[in-house]
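This is coords_31.cif. It holds mmCIF, C-alpha atoms.
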```cif
data_model
#
loop_
_atom_site.label_atom_id
_atom_site.label_comp_id
_atom_site.auth_asym_id
_atom_site.auth_seq_id
_atom_site.Cartn_x
_atom_site.Cartn_y
_atom_site.Cartn_z
CA MET A 1 220.85 -158.42 -88.71
CA THR A 2 224.47 -158.37 -87.63
CA LEU A 3 226.05 -155.35 -86.01
CA ALA A 4 228.49 -154.93 -88.90
CA ARG A 5 225.68 -155.08 -91.41
CA HIS A 6 223.72 -152.52 -89.48
CA ARG A 7 226.68 -150.15 -89.30
CA VAL A 8 227.34 -150.39 -93.00
CA SER A 9 223.74 -149.40 -93.76
CA SER A 10 223.27 -146.99 -90.83
CA LEU A 11 220.77 -144.19 -91.12
CA VAL A 12 221.60 -140.48 -91.20
CA VAL A 13 218.78 -138.49 -89.61
CA MET A 14 218.33 -134.73 -89.91
CA ILE A 15 215.83 -132.89 -87.73
CA LEU A 16 214.74 -129.61 -89.33
CA ALA A 17 212.96 -126.52 -88.06
CA GLY A 18 209.74 -125.70 -89.84
CA GLY A 19 209.45 -121.90 -89.73
CA PRO A 20 208.66 -119.01 -87.40
CA ALA A 21 205.87 -120.91 -85.66
CA ALA A 22 207.80 -124.16 -85.33
CA LEU A 23 210.11 -125.89 -82.91
CA HIS A 24 212.68 -128.57 -83.72
CA ALA A 25 210.92 -131.93 -83.90
CA GLN A 26 212.60 -135.07 -82.69
CA ALA A 27 212.11 -137.79 -85.29
CA GLY A 28 211.88 -140.44 -82.59
CA MET A 29 213.70 -143.09 -84.62
CA ASP A 30 215.22 -146.08 -82.92
CA ALA A 31 218.30 -148.00 -84.04
CA ARG A 32 216.37 -150.23 -86.43
CA GLY A 33 216.95 -148.08 -89.48
CA LEU A 34 215.19 -146.12 -92.17
CA VAL A 35 211.95 -148.10 -91.80
CA THR A 36 211.17 -146.20 -88.56
CA LEU A 37 211.44 -142.74 -90.13
CA LEU A 38 207.81 -142.26 -91.19
CA PRO A 39 205.98 -143.86 -88.23
CA THR A 40 207.97 -141.87 -85.68
CA VAL A 41 208.34 -138.47 -87.36
CA PHE A 42 206.11 -136.93 -84.65
CA GLY A 43 208.07 -138.62 -81.87
CA SER A 44 208.36 -142.07 -80.35
CA ARG A 45 205.10 -141.59 -78.41
CA GLY A 46 203.16 -140.20 -81.35
CA LEU A 47 201.73 -136.72 -81.76
CA THR A 48 201.50 -135.17 -78.31
CA VAL A 49 200.03 -131.74 -77.68
CA ASN A 50 200.37 -129.62 -74.52
CA SER A 51 197.25 -129.02 -72.46
CA GLU A 52 196.10 -126.90 -69.55
CA VAL A 53 194.22 -129.93 -68.20
CA TYR A 54 195.99 -131.16 -65.08
CA THR A 55 196.30 -134.73 -63.87
CA LEU A 56 195.81 -135.81 -60.24
CA ASP A 57 199.50 -135.38 -59.44
CA GLY A 58 199.37 -131.76 -60.55
CA SER A 59 201.41 -132.20 -63.73
CA THR A 60 200.28 -130.87 -67.10
CA HIS A 61 198.56 -133.49 -69.24
CA ALA A 62 200.06 -134.27 -72.67
CA ALA A 63 197.17 -134.96 -75.03
CA HIS A 64 197.80 -137.90 -77.33
CA PHE A 65 196.33 -137.69 -80.81
CA ASN A 66 195.96 -140.79 -82.97
CA ASN A 67 195.64 -141.41 -86.70
CA ALA A 68 195.97 -144.17 -89.29
CA PHE A 69 198.88 -142.13 -90.67
CA GLN A 70 200.90 -143.16 -87.65
CA GLN A 71 199.28 -146.44 -86.65
CA ASP A 72 199.13 -147.86 -90.18
CA PHE A 73 201.97 -146.02 -91.86
CA ARG A 74 203.76 -149.36 -91.99
CA ARG A 75 201.68 -149.81 -95.13
CA PHE A 76 203.78 -147.18 -96.84
CA ASN A 77 206.79 -149.29 -95.89
CA MET A 78 204.92 -152.30 -97.27
CA ALA A 79 204.34 -150.46 -100.54
CA ILE A 80 208.07 -149.73 -100.80
CA ALA A 81 208.92 -153.34 -99.90
CA SER A 82 206.47 -154.67 -102.47
CA GLN A 83 208.02 -152.37 -105.04
CA LEU A 84 211.53 -153.54 -104.14
CA SER A 85 210.39 -157.14 -104.60
CA ALA A 86 209.42 -156.41 -108.20
CA LEU A 87 211.73 -153.63 -109.40
CA PRO A 88 212.30 -154.26 -113.11
CA LEU A 89 215.88 -155.43 -113.51
CA PRO A 90 217.50 -155.16 -116.93
CA SER A 91 217.15 -158.37 -118.91
CA PRO A 92 220.05 -160.74 -118.13
CA ALA A 93 219.79 -162.11 -121.69
CA SER A 94 222.50 -160.99 -124.04
CA GLY A 95 221.85 -158.71 -126.97
CA PHE A 96 224.05 -161.07 -128.96
CA THR A 97 222.47 -164.54 -129.10
CA TYR A 98 223.99 -167.49 -130.92
CA ARG A 99 223.13 -171.02 -131.95
CA PHE A 100 225.42 -173.77 -133.16
CA ASP A 101 225.23 -174.41 -136.90
CA PRO A 102 226.13 -178.10 -137.50
CA ASP A 103 226.57 -177.49 -141.21
CA THR A 104 229.42 -175.03 -140.70
CA GLY A 105 230.56 -176.22 -137.26
CA THR A 106 230.44 -172.63 -135.93
CA PHE A 107 228.18 -170.40 -133.83
CA VAL A 108 225.98 -167.98 -135.79
CA ARG A 109 223.81 -165.05 -134.68
CA SER A 110 220.31 -166.34 -133.94
CA THR A 111 218.56 -162.92 -133.96
CA GLU A 112 218.92 -159.68 -135.91
CA SER A 113 217.87 -157.39 -133.04
CA PHE A 114 219.74 -156.87 -129.77
CA GLY A 115 216.59 -157.69 -127.82
CA PRO A 116 214.42 -155.96 -125.18
CA VAL A 117 215.78 -154.00 -122.21
CA LEU A 118 213.36 -154.80 -119.36
CA ALA A 119 211.68 -157.88 -120.82
CA GLU A 120 212.88 -161.33 -121.90
CA ARG A 121 213.14 -163.12 -125.22
CA ALA A 122 213.13 -166.88 -125.61
CA GLU A 123 216.61 -167.24 -127.10
CA THR A 124 219.46 -168.12 -124.76
CA ILE A 125 222.98 -166.73 -124.88
CA GLY A 126 224.61 -169.82 -126.43
CA ARG A 127 226.85 -172.61 -125.17
CA GLY A 128 230.02 -171.44 -123.46
CA LYS A 129 229.18 -167.73 -123.87
CA THR A 130 229.49 -165.30 -120.95
CA LEU A 131 227.77 -161.94 -120.49
CA LEU A 132 228.89 -159.24 -118.08
CA GLY A 133 226.51 -156.34 -117.56
CA TYR A 134 226.16 -153.21 -115.44
CA ASP A 135 223.08 -150.98 -115.35
CA VAL A 136 221.92 -147.96 -113.35
CA GLN A 137 218.26 -147.09 -112.69
CA VAL A 138 216.98 -144.16 -110.63
CA PHE A 139 213.42 -144.23 -109.25
CA SER A 140 212.02 -140.97 -107.85
CA PHE A 141 208.55 -141.88 -106.63
CA ASP A 142 205.97 -139.11 -106.85
CA SER A 143 202.63 -140.82 -106.12
CA LEU A 144 201.13 -143.78 -104.32
CA ASP A 145 197.77 -145.06 -105.58
CA HIS A 146 197.00 -141.69 -107.24
CA VAL A 147 197.87 -139.81 -104.03
CA ASP A 148 200.41 -137.04 -104.62
CA LEU A 149 203.26 -137.69 -102.18
CA ARG A 150 203.87 -133.94 -101.93
CA HIS A 151 200.48 -133.52 -100.19
CA VAL A 152 199.30 -136.40 -98.04
CA PRO A 153 196.55 -135.18 -95.68
CA ALA A 154 196.01 -136.77 -92.28
CA VAL A 155 193.64 -135.86 -89.44
CA PHE A 156 194.63 -136.78 -85.89
CA THR A 157 191.87 -137.25 -83.34
CA HIS A 158 192.20 -137.16 -79.57
CA ASP A 159 192.21 -140.26 -77.39
CA ASP A 160 188.63 -141.14 -76.44
CA ALA A 161 187.27 -138.50 -78.85
CA ALA A 162 183.82 -140.09 -78.60
CA LEU A 163 183.56 -138.79 -75.02
CA GLY A 164 183.18 -135.28 -76.45
CA GLY A 165 184.13 -132.02 -74.78
CA ILE A 166 187.74 -130.96 -75.17
CA ARG A 167 188.47 -134.28 -76.86
CA THR A 168 186.72 -133.18 -80.06
CA ASP A 169 189.65 -130.95 -81.00
CA VAL A 170 191.62 -132.34 -83.96
CA VAL A 171 195.07 -131.83 -85.42
CA VAL A 172 195.12 -131.55 -89.23
CA THR A 173 198.43 -132.28 -90.95
CA ASP A 174 199.73 -131.79 -94.48
CA ASN A 175 202.61 -134.16 -95.18
CA ALA A 176 205.17 -134.03 -97.98
CA LEU A 177 207.09 -137.23 -98.65
CA LYS A 178 210.10 -137.86 -100.86
CA ALA A 179 211.16 -141.41 -101.68
CA SER A 180 213.85 -142.42 -104.15
CA VAL A 181 215.67 -145.65 -104.93
CA SER A 182 218.85 -145.77 -107.02
CA GLN A 183 219.76 -149.24 -108.22
CA PHE A 184 223.22 -150.19 -109.52
CA THR A 185 223.06 -153.73 -110.87
CA GLY A 186 225.89 -155.99 -111.90
CA LEU A 187 224.93 -159.22 -113.65
CA VAL A 188 226.57 -162.30 -115.14
CA THR A 189 224.97 -164.76 -117.57
CA TYR A 190 226.60 -168.00 -118.70
CA GLY A 191 225.45 -170.34 -121.44
CA VAL A 192 225.49 -173.88 -120.04
CA THR A 193 224.23 -175.43 -123.27
CA ASP A 194 222.90 -174.17 -126.56
CA ARG A 195 219.42 -174.04 -124.96
CA LEU A 196 220.13 -173.28 -121.29
CA ASP A 197 221.72 -170.33 -119.52
CA VAL A 198 222.03 -169.23 -115.90
CA SER A 199 222.35 -165.72 -114.45
CA VAL A 200 223.04 -163.89 -111.23
CA ALA A 201 222.20 -160.22 -110.60
CA ILE A 202 223.64 -158.31 -107.65
CA PRO A 203 222.14 -154.83 -107.06
CA ILE A 204 223.62 -152.10 -104.92
CA VAL A 205 220.74 -149.97 -103.66
CA HIS A 206 220.69 -146.41 -102.36
CA THR A 207 217.41 -145.40 -100.69
CA ARG A 208 216.47 -141.91 -99.57
CA LEU A 209 213.37 -141.06 -97.57
CA ALA A 210 212.23 -137.70 -96.21
CA ILE A 211 209.09 -136.23 -94.69
CA ALA A 212 208.03 -132.70 -93.80
CA SER A 213 204.75 -132.25 -91.92
CA THR A 214 202.80 -129.18 -90.86
CA ALA A 215 200.36 -129.80 -88.00
CA VAL A 216 197.58 -127.33 -87.15
CA ILE A 217 195.18 -127.56 -84.19
CA HIS A 218 191.49 -127.06 -85.06
CA ARG A 219 189.30 -126.38 -82.05
CA PHE A 220 185.81 -127.87 -81.92
CA GLY A 221 185.62 -128.46 -78.17
CA THR A 222 187.74 -125.59 -76.85
CA SER A 223 188.30 -121.95 -77.72
CA ARG A 224 191.60 -120.18 -78.33
CA GLU A 225 191.14 -118.36 -75.06
CA ASP A 226 190.89 -121.69 -73.22
CA GLU A 227 194.33 -122.65 -74.53
CA THR A 228 193.41 -126.22 -73.70
CA HIS A 229 195.34 -127.77 -76.56
CA PHE A 230 198.37 -125.94 -77.88
CA PHE A 231 201.92 -126.26 -79.15
CA SER A 232 204.61 -124.52 -77.14
CA ASP A 233 205.97 -121.70 -79.32
CA PRO A 234 208.32 -119.11 -77.83
CA THR A 235 207.85 -116.85 -80.88
CA ALA A 236 204.07 -116.56 -80.40
CA PRO A 237 202.29 -114.28 -77.89
CA GLY A 238 202.27 -115.98 -74.53
CA GLY A 239 204.47 -118.76 -75.85
CA ILE A 240 201.44 -120.62 -77.20
CA GLY A 241 200.77 -121.60 -80.83
CA ASP A 242 198.32 -123.59 -82.91
CA GLN A 243 200.87 -124.85 -85.46
CA ARG A 244 204.03 -126.89 -85.40
CA ASP A 245 206.26 -128.25 -88.16
CA PHE A 246 208.02 -131.62 -88.09
CA ALA A 247 210.66 -132.93 -90.48
CA ALA A 248 213.09 -135.81 -90.78
CA SER A 249 215.09 -137.50 -93.51
CA GLY A 250 217.46 -140.38 -93.92
CA ALA A 251 219.41 -142.42 -96.44
CA ALA A 252 220.98 -145.85 -96.64
CA THR A 253 223.21 -147.70 -99.10
CA GLY A 254 224.01 -151.40 -99.35
CA THR A 255 223.55 -154.64 -101.21
CA GLY A 256 220.01 -155.30 -102.35
CA ASP A 257 218.27 -158.63 -102.87
CA VAL A 258 220.43 -160.95 -105.01
CA LEU A 259 218.67 -162.75 -107.89
CA PHE A 260 219.51 -166.13 -109.41
CA ARG A 261 217.85 -167.06 -112.67
CA THR A 262 217.84 -169.89 -115.18
CA LYS A 263 216.18 -170.01 -118.61
CA ALA A 264 215.73 -172.90 -121.02
CA THR A 265 214.55 -172.73 -124.62
CA LEU A 266 211.96 -175.48 -125.02
CA VAL A 267 210.92 -174.88 -128.63
CA ARG A 268 213.04 -173.25 -131.29
CA ARG A 269 211.96 -172.77 -134.87
CA ALA A 270 213.27 -170.58 -137.65
CA ARG A 271 211.03 -167.65 -136.66
CA ALA A 272 209.72 -168.51 -133.20
CA ALA A 273 210.86 -169.81 -129.84
CA ILE A 274 209.35 -170.66 -126.46
CA ALA A 275 211.32 -170.66 -123.22
CA THR A 276 210.61 -171.23 -119.58
CA GLY A 277 212.61 -170.50 -116.49
CA ALA A 278 212.63 -169.42 -112.87
CA GLU A 279 214.12 -166.67 -110.76
CA VAL A 280 214.91 -166.93 -107.05
CA ARG A 281 215.31 -163.84 -104.86
CA ILE A 282 217.49 -164.01 -101.75
CA PRO A 283 216.63 -161.46 -99.01
CA SER A 284 220.19 -160.16 -98.77
CA GLY A 285 219.15 -156.50 -98.67
CA ASP A 286 218.66 -154.90 -95.26
CA GLU A 287 214.89 -154.52 -95.01
CA TYR A 288 215.15 -152.22 -92.00
CA ASP A 289 216.95 -149.70 -94.20
CA LEU A 290 214.58 -150.37 -97.14
CA LEU A 291 217.36 -151.85 -99.25
CA GLY A 292 215.57 -155.14 -99.81
CA SER A 293 212.15 -156.74 -99.59
CA GLY A 294 212.98 -158.74 -96.46
CA SER A 295 211.56 -161.96 -97.89
CA TRP A 296 212.47 -164.88 -100.10
CA GLY A 297 210.87 -164.87 -103.51
CA ALA A 298 210.42 -167.19 -106.48
CA LYS A 299 209.28 -166.26 -109.97
CA PRO A 300 208.59 -168.98 -112.56
CA PHE A 301 208.08 -167.52 -116.02
CA VAL A 302 207.38 -168.40 -119.65
CA VAL A 303 208.53 -166.48 -122.74
CA LEU A 304 207.31 -166.45 -126.32
CA SER A 305 209.24 -164.56 -128.99
CA PHE A 306 209.12 -164.61 -132.76
CA THR A 307 209.92 -162.52 -135.82
CA TYR A 308 207.37 -160.96 -138.13
CA LYS A 309 208.07 -158.55 -141.00
CA GLY A 310 211.27 -157.25 -139.48
CA LEU A 311 209.85 -157.00 -135.94
CA SER A 312 210.69 -159.30 -133.04
CA PRO A 313 207.59 -159.37 -130.77
CA HIS A 314 207.82 -161.02 -127.35
CA VAL A 315 205.43 -161.89 -124.53
CA ASN A 316 206.45 -162.69 -120.93
CA LEU A 317 204.19 -164.12 -118.25
CA ALA A 318 205.39 -164.72 -114.68
CA TYR A 319 204.10 -165.34 -111.17
CA GLN A 320 206.01 -163.64 -108.36
CA TRP A 321 205.68 -165.52 -105.08
CA ASN A 322 206.80 -163.57 -102.00
CA GLY A 323 207.39 -164.83 -98.49
CA ARG A 324 206.99 -163.09 -95.15
CA SER A 325 208.62 -159.77 -94.35
CA VAL A 326 208.58 -157.43 -91.37
CA LEU A 327 207.91 -154.63 -93.86
CA ALA A 328 204.49 -156.16 -94.48
CA GLY A 329 203.94 -156.57 -90.75
CA ASP A 330 205.21 -154.51 -87.83
CA PRO A 331 208.89 -153.59 -88.22
CA MET A 332 208.86 -151.74 -84.88
CA ARG A 333 208.25 -155.08 -83.13
CA GLY A 334 209.87 -157.32 -85.75
CA VAL A 335 206.61 -159.10 -86.57
CA PRO A 336 206.49 -160.36 -90.21
CA GLU A 337 203.50 -160.84 -92.49
CA ASP A 338 203.09 -162.01 -96.09
CA LEU A 339 204.15 -159.69 -98.88
CA PRO A 340 201.52 -159.74 -101.64
CA ASP A 341 202.15 -162.02 -104.60
CA ARG A 342 202.09 -160.61 -108.13
CA ILE A 343 201.33 -161.73 -111.67
CA LEU A 344 203.62 -160.01 -114.15
CA LEU A 345 203.01 -159.50 -117.86
CA ALA A 346 205.34 -157.90 -120.40
CA ALA A 347 204.46 -157.55 -124.06
CA GLY A 348 206.26 -155.63 -126.75
CA PHE A 349 208.69 -155.82 -129.61
CA ASP A 350 212.27 -155.04 -130.51
CA LYS A 351 213.57 -154.18 -133.97
CA GLY A 352 216.98 -153.91 -135.50
CA ILE A 353 217.35 -150.52 -137.20
CA ASN A 354 220.74 -151.37 -138.65
CA ALA A 355 223.73 -153.55 -137.83
CA ARG A 356 224.60 -151.42 -134.78
CA LEU A 357 221.29 -150.11 -133.43
CA SER A 358 218.03 -151.68 -132.27
CA VAL A 359 215.03 -150.28 -130.38
CA ALA A 360 212.63 -151.91 -127.91
CA VAL A 361 209.10 -150.99 -126.82
CA ASP A 362 207.24 -152.75 -123.98
CA PHE A 363 204.08 -152.61 -121.93
CA LEU A 364 204.67 -153.85 -118.36
CA SER A 365 201.76 -154.82 -116.10
CA ASP A 366 201.70 -156.27 -112.57
CA ARG A 367 198.61 -157.68 -110.93
CA VAL A 368 199.09 -157.29 -107.17
CA ALA A 369 197.15 -159.64 -104.93
CA LYS A 370 194.96 -158.20 -102.19
CA SER A 371 197.05 -155.57 -100.50
CA PRO A 372 196.58 -152.26 -98.63
CA GLN A 373 196.26 -149.23 -100.85
CA VAL A 374 196.13 -145.55 -99.99
CA GLU A 375 193.18 -143.30 -100.66
CA ILE A 376 191.91 -139.88 -99.60
CA ALA A 377 188.51 -139.77 -97.91
CA PRO A 378 186.51 -136.94 -96.29
CA PHE A 379 186.57 -136.71 -92.50
CA THR A 380 184.03 -134.65 -90.54
CA ALA A 381 185.24 -133.15 -87.28
CA SER A 382 182.56 -131.72 -84.99
CA GLY A 383 182.05 -130.55 -81.44
CA GLU A 384 180.29 -127.94 -79.33
CA LEU A 385 181.90 -125.12 -81.34
CA GLY A 386 180.95 -126.34 -84.81
CA SER A 387 182.07 -128.77 -87.48
CA GLU A 388 184.22 -128.91 -90.60
CA VAL A 389 185.13 -131.46 -93.29
CA PHE A 390 188.81 -132.28 -93.87
CA GLN A 391 190.66 -134.64 -96.21
CA ASN A 392 192.09 -137.69 -94.47
CA ILE A 393 194.14 -140.73 -95.40
CA ALA A 394 192.65 -144.25 -95.44
CA PHE A 395 193.99 -147.73 -96.20
CA PRO A 396 191.52 -150.06 -97.99
CA PHE A 397 192.55 -153.55 -99.12
CA ASN A 398 192.27 -154.25 -102.86
CA SER A 399 193.78 -156.19 -105.73
CA TYR A 400 195.00 -153.89 -108.47
CA PHE A 401 197.17 -153.45 -111.58
CA ILE A 402 200.40 -151.46 -111.82
CA ASN A 403 201.00 -150.47 -115.45
CA ASN A 404 204.10 -148.96 -117.03
CA GLY A 405 205.50 -148.40 -120.49
CA SER A 406 209.12 -148.77 -121.59
CA VAL A 407 211.05 -147.40 -124.58
CA GLY A 408 214.72 -148.17 -125.04
CA MET A 409 217.58 -148.68 -127.43
CA LYS A 410 220.74 -150.76 -127.66
CA PHE A 411 223.79 -149.58 -129.55
CA ALA A 412 226.70 -151.81 -130.53
CA LEU A 413 229.97 -150.05 -129.77
CA ARG A 414 231.80 -153.01 -131.26
CA GLU A 415 231.27 -156.75 -131.58
CA GLY A 416 230.17 -158.07 -128.19
CA LEU A 417 229.87 -154.65 -126.52
CA LEU A 418 226.50 -152.89 -126.19
CA ALA A 419 225.38 -149.62 -124.61
CA ASN A 420 221.80 -149.67 -123.25
CA PHE A 421 219.46 -146.70 -122.81
CA ASN A 422 215.87 -146.91 -121.59
CA VAL A 423 213.03 -144.82 -120.18
CA ARG A 424 210.29 -146.43 -118.11
CA PHE A 425 207.16 -144.34 -117.58
CA LYS A 426 203.97 -144.88 -115.64
CA ALA A 427 200.78 -145.72 -117.53
CA GLY A 428 198.52 -145.54 -114.48
CA GLY A 429 198.48 -144.24 -110.94
CA GLU A 430 198.26 -147.45 -108.93
CA GLY A 431 201.07 -148.57 -106.67
CA LEU A 432 204.21 -146.63 -105.84
CA ALA A 433 204.68 -144.76 -109.11
CA ASP A 434 207.55 -142.92 -110.73
CA ARG A 435 206.67 -140.57 -113.57
CA VAL A 436 209.86 -141.37 -115.52
CA THR A 437 212.64 -143.84 -114.65
CA PRO A 438 215.84 -143.58 -116.70
CA LEU A 439 218.24 -146.48 -117.25
CA VAL A 440 221.75 -146.54 -118.68
CA GLY A 441 224.04 -149.54 -118.88
CA MET A 442 226.65 -151.58 -120.66
CA GLU A 443 226.95 -155.26 -121.51
CA TYR A 444 229.88 -157.22 -122.81
CA GLU A 445 229.80 -160.74 -124.16
CA PHE A 446 232.69 -163.06 -124.84
#
```

Take the structure in this file and express it as structure tokens.
Amino acid sequence: MTLARHRVSSLVVMILAGGPAALHAQAGMDARGLVTLLPTVFGSRGLTVNSEVYTLDGSTHAAHFNNAFQQDFRRFNMAIASQLSALPLPSPASGFTYRFDPDTGTFVRSTESFGPVLAERAETIGRGKTLLGYDVQVFSFDSLDHVDLRHVPAVFTHDDAALGGIRTDVVVTDNALKASVSQFTGLVTYGVTDRLDVSVAIPIVHTRLAIASTAVIHRFGTSREDETHFFSDPTAPGGIGDQRDFAASGAATGTGDVLFRTKATLVRRARAAIATGAEVRIPSGDEYDLLGSGSWGAKPFVVLSFTYKGLSPHVNLAYQWNGRSVLAGDPMRGVPEDLPDRILLAAGFDKGINARLSVAVDFLSDRVAKSPQVEIAPFTASGELGSEVFQNIAFPFNSYFINNGSVGMKFALREGLLANFNVRFKAGGEGLADRVTPLVGMEYEF
């Protein structure tokens, strides 16, 4: 990552105070970007708590508490990277499709509808035709694998907790995360022949990430009078408190991963067509600022579309191959691992309402290969002073489906100029999910 590139997509970090029982918390981020925000929200050395236990040199010991939230929180980054590798781009196929009519020696419209918004149809744009498009999508993620991002529980245990004694104290945290991705995509499609077109899509991505965490000490090996583990709090009696709030946020803007695509119509009949093609993703987005996936990708696909009683059904099937990315590995050390591959299915229909308006309905499903998910599991903390069950975060590996629905419309402002409107909504809780994702755009063909 060049210095200029890093400066363009530099991170803005805000450290917030959490309330009357809180101190300002240093986010602990290094210069590597937005990807370090979540793992280091408690500080570069993790969650440290003051203690009245003294070391041999007479200095106060800083107790270090550990948790999968911090050690494995790279998997949240991986979830975002995996999502960025498969964000649904608007279809680069034109709403106006043409074929050459040898009887008249002219190009004629090959479909009555303006086509789907987030899916493909088998028809190509037509020889010598050019499409210019611009679309805006805004993703505001609210859950990850059914876990509400506003309340992510995590229990931190002391180093060497199995040794017992004062080490059985735990720190219980309630974490609120906000993650949003705004995608501004410009695309160009050109018809090389009557059956072949090529496209390029260039997204500009704006990513925002924020976390607010409340940490509370629960004592199972020490009493409050011992004051063995505590947060320094000048507002509390004796300057000692059991709670501390941490917060940090950041944003980045820059070019996302550029996509190149080609599509060829293999079979074309009066009411049906079959096409195949491939899409190549270039890792041009800065993965350290969560603007891109950080890996090369290739997506071969096949499309079937036909007309039936005024409807234009279509089915898309694709395989998304992803390479290695630091977001799937350890971005703090720059160690990459494989991003999970995906199988993508889109099925739906579009229908022309009149000469100027058509609607599109789709079901979108991704099968994600074995990948870390997030789940909430009970955690029992116990010591000499009792025990209690808390909710804690865990990261099992599974293969799973991400399902969404899509409803949109295309409106012809004039010949060759379309306005696109679409709403994508989640149909399940797996993956990094957005309840509703709006899309607006324009496309012009000449």

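Restricting the calculation to all atoms listed in the file, the smallest distance between A:Ala273 and any of A:Ala360, A:Ala122, A:Val205, A:Gly323 is found for A:Ala122.
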
Using all atoms listed in the file, which of the listed residues (A:Thr222, A:Thr173, A:Val315, A:Pro336) sits closest to A:Leu47?
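Once distances to A:Leu47 are computed over all atoms listed in the file, the minimum belongs to A:Thr173.
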
Name the residues in contact with A:Glu388 at a cut-off of 9 Å, using all atoms listed in the file, excluding same-chain residues fewer than 5 positions from it; report them as a VMD selection string.
chain A and resid 220 379 to 382

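Using the PyMOL selection byres ((chain A and resi 414) around 12) on this structure selects Phe96, Ala355, Arg356, Leu357, Lys410, Phe411, Ala412, Leu413, Glu415, Gly416, Leu417, Leu418, Ala419, Met442, Glu443, Tyr444, Glu445 and Phe446 of chain A.
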
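Within 9 Å of A:Ala201, once all atoms listed in the file are used and residues closer than 3 positions along the same chain are dropped, the contacting residues are Leu89, Pro92, Thr185, Gly186, Leu187, Val188, Thr189, Asp257, Val258, Leu259, Phe260 and Arg261 of chain A.
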
Export of the given selection (C-alpha atoms) as a short mmCIF file (atom, residue, chain, number, x, y, z; two decimals), in the frame of the given file:
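That gives us part-v3.cif:
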```
data_model
loop_
_atom_site.label_atom_id
_atom_site.label_comp_id
_atom_site.auth_asym_id
_atom_site.auth_seq_id
_atom_site.Cartn_x
_atom_site.Cartn_y
_atom_site.Cartn_z
CA LEU A 89 215.88 -155.43 -113.51
CA PRO A 92 220.05 -160.74 -118.13
CA THR A 185 223.06 -153.73 -110.87
CA GLY A 186 225.89 -155.99 -111.90
CA LEU A 187 224.93 -159.22 -113.65
CA VAL A 188 226.57 -162.30 -115.14
CA THR A 189 224.97 -164.76 -117.57
CA ASP A 257 218.27 -158.63 -102.87
CA VAL A 258 220.43 -160.95 -105.01
CA LEU A 259 218.67 -162.75 -107.89
CA PHE A 260 219.51 -166.13 -109.41
CA ARG A 261 217.85 -167.06 -112.67
#
```

Quick one: residues within 10 Å of A:Gly429, all atoms listed in the file, excluding same-chain residues fewer than 6 positions away - as a compact mmCIF listing (two decimals) with C-alpha atoms, keeping the file's coordinate frame?
```
# COMPACT_ATOMS: atom_id res chain seq x y z
CA ASP A 142 205.97 -139.11 -106.85
CA SER A 143 202.63 -140.82 -106.12
CA LEU A 144 201.13 -143.78 -104.32
CA ASP A 145 197.77 -145.06 -105.58
CA HIS A 146 197.00 -141.69 -107.24
CA VAL A 147 197.87 -139.81 -104.03
CA ASP A 148 200.41 -137.04 -104.62
CA PHE A 401 197.17 -153.45 -111.58
CA ILE A 402 200.40 -151.46 -111.82
CA ASN A 403 201.00 -150.47 -115.45
CA ASN A 404 204.10 -148.96 -117.03
CA ARG A 435 206.67 -140.57 -113.57
```

Grab all the atoms of stretch 364-371 of chain A that the file lists, wrap them in a box along x, y and z, add 8 Å per side, and give me centre plus edge lengths in Å (one decimal) as JSON.
```
{"center_x": 199.8, "center_y": -156.7, "center_z": -109.4, "size_x": 25.7, "size_y": 21.8, "size_z": 33.9}
```

Need to verify the contact set: A:Arg150, 7 Å, all atoms listed in the file, exclusion of same-chain residues closer than 4 positions in sequence. Can you return it as a list in words?
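Using all atoms listed in the file, the neighbours found are Asn175, Ala176 and Leu177 of chain A.
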
Pairwise distance for atom CA of A:Asp242 and atom CA of A:Phe156, rounded to one decimal in Å
14.0 Å

Could you pull the residues within 12 Å of A:Phe141, counting only C-alpha atoms, minus those fewer than 2 positions along the same chain, as number ranges by chain?
A: 79-80, 83, 138-139, 143-150, 177-182, 207-210, 425-426, 429-437

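The gap separating atom CA of A:Leu344 from atom CA of A:Ser199 is 19.6 Å, in Å to one decimal.
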
Output check: residues returned by the PyMOL selection byres ((chain A and resi 120) around 7), as number ranges by chain
A: 91, 93, 116, 119, 121-122, 303, 316

Pick from A:Gly386, A:Val152, A:Ala270, A:Leu132, whichever lies nearest to A:Val374 using all atoms listed in the file:
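Looking only at the distances to A:Val374, the closest residue turns out to be A:Val152.
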
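Every polymer residue reaching to within 10 Å of (207.8, -159.3, -131.4), counting all atoms listed in the file, appears in this list: Gly115, Pro116, Arg121, Ala272, Leu304, Ser305, Phe306, Thr307, Tyr308, Lys309, Gly310, Leu311, Ser312, Pro313, His314, Val315, Ala347, Gly348, Phe349, Asp350, Lys351, Ala360, Val361 and Asp362 of chain A.
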
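In this comparison, which uses only C-alpha atoms, the residue of A:Arg244, A:His218, A:Arg324, A:Arg271 approaching A:Val389 most closely is A:His218.
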
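Atom CA of A:Thr193 to atom CA of A:Lys263 spans 10.8 Å [interatomic distance, one decimal].
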
Looking at all atoms listed in the file, which of A:Gly164, A:Arg424, A:Val35, A:Pro438 is the one that sits closest to A:Ala328?
A:Val35

Hits from the PyMOL selection byres ((chain A and resi 408) around 7), listed as a VMD selection string
chain A and resid 117 359 to 361 406 to 407 409 421 to 423

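Counting all atoms listed in the file, the residue from A:Pro378, A:Glu287, A:Val368, A:Gly165 that sits nearest to A:Gly334 is A:Glu287.
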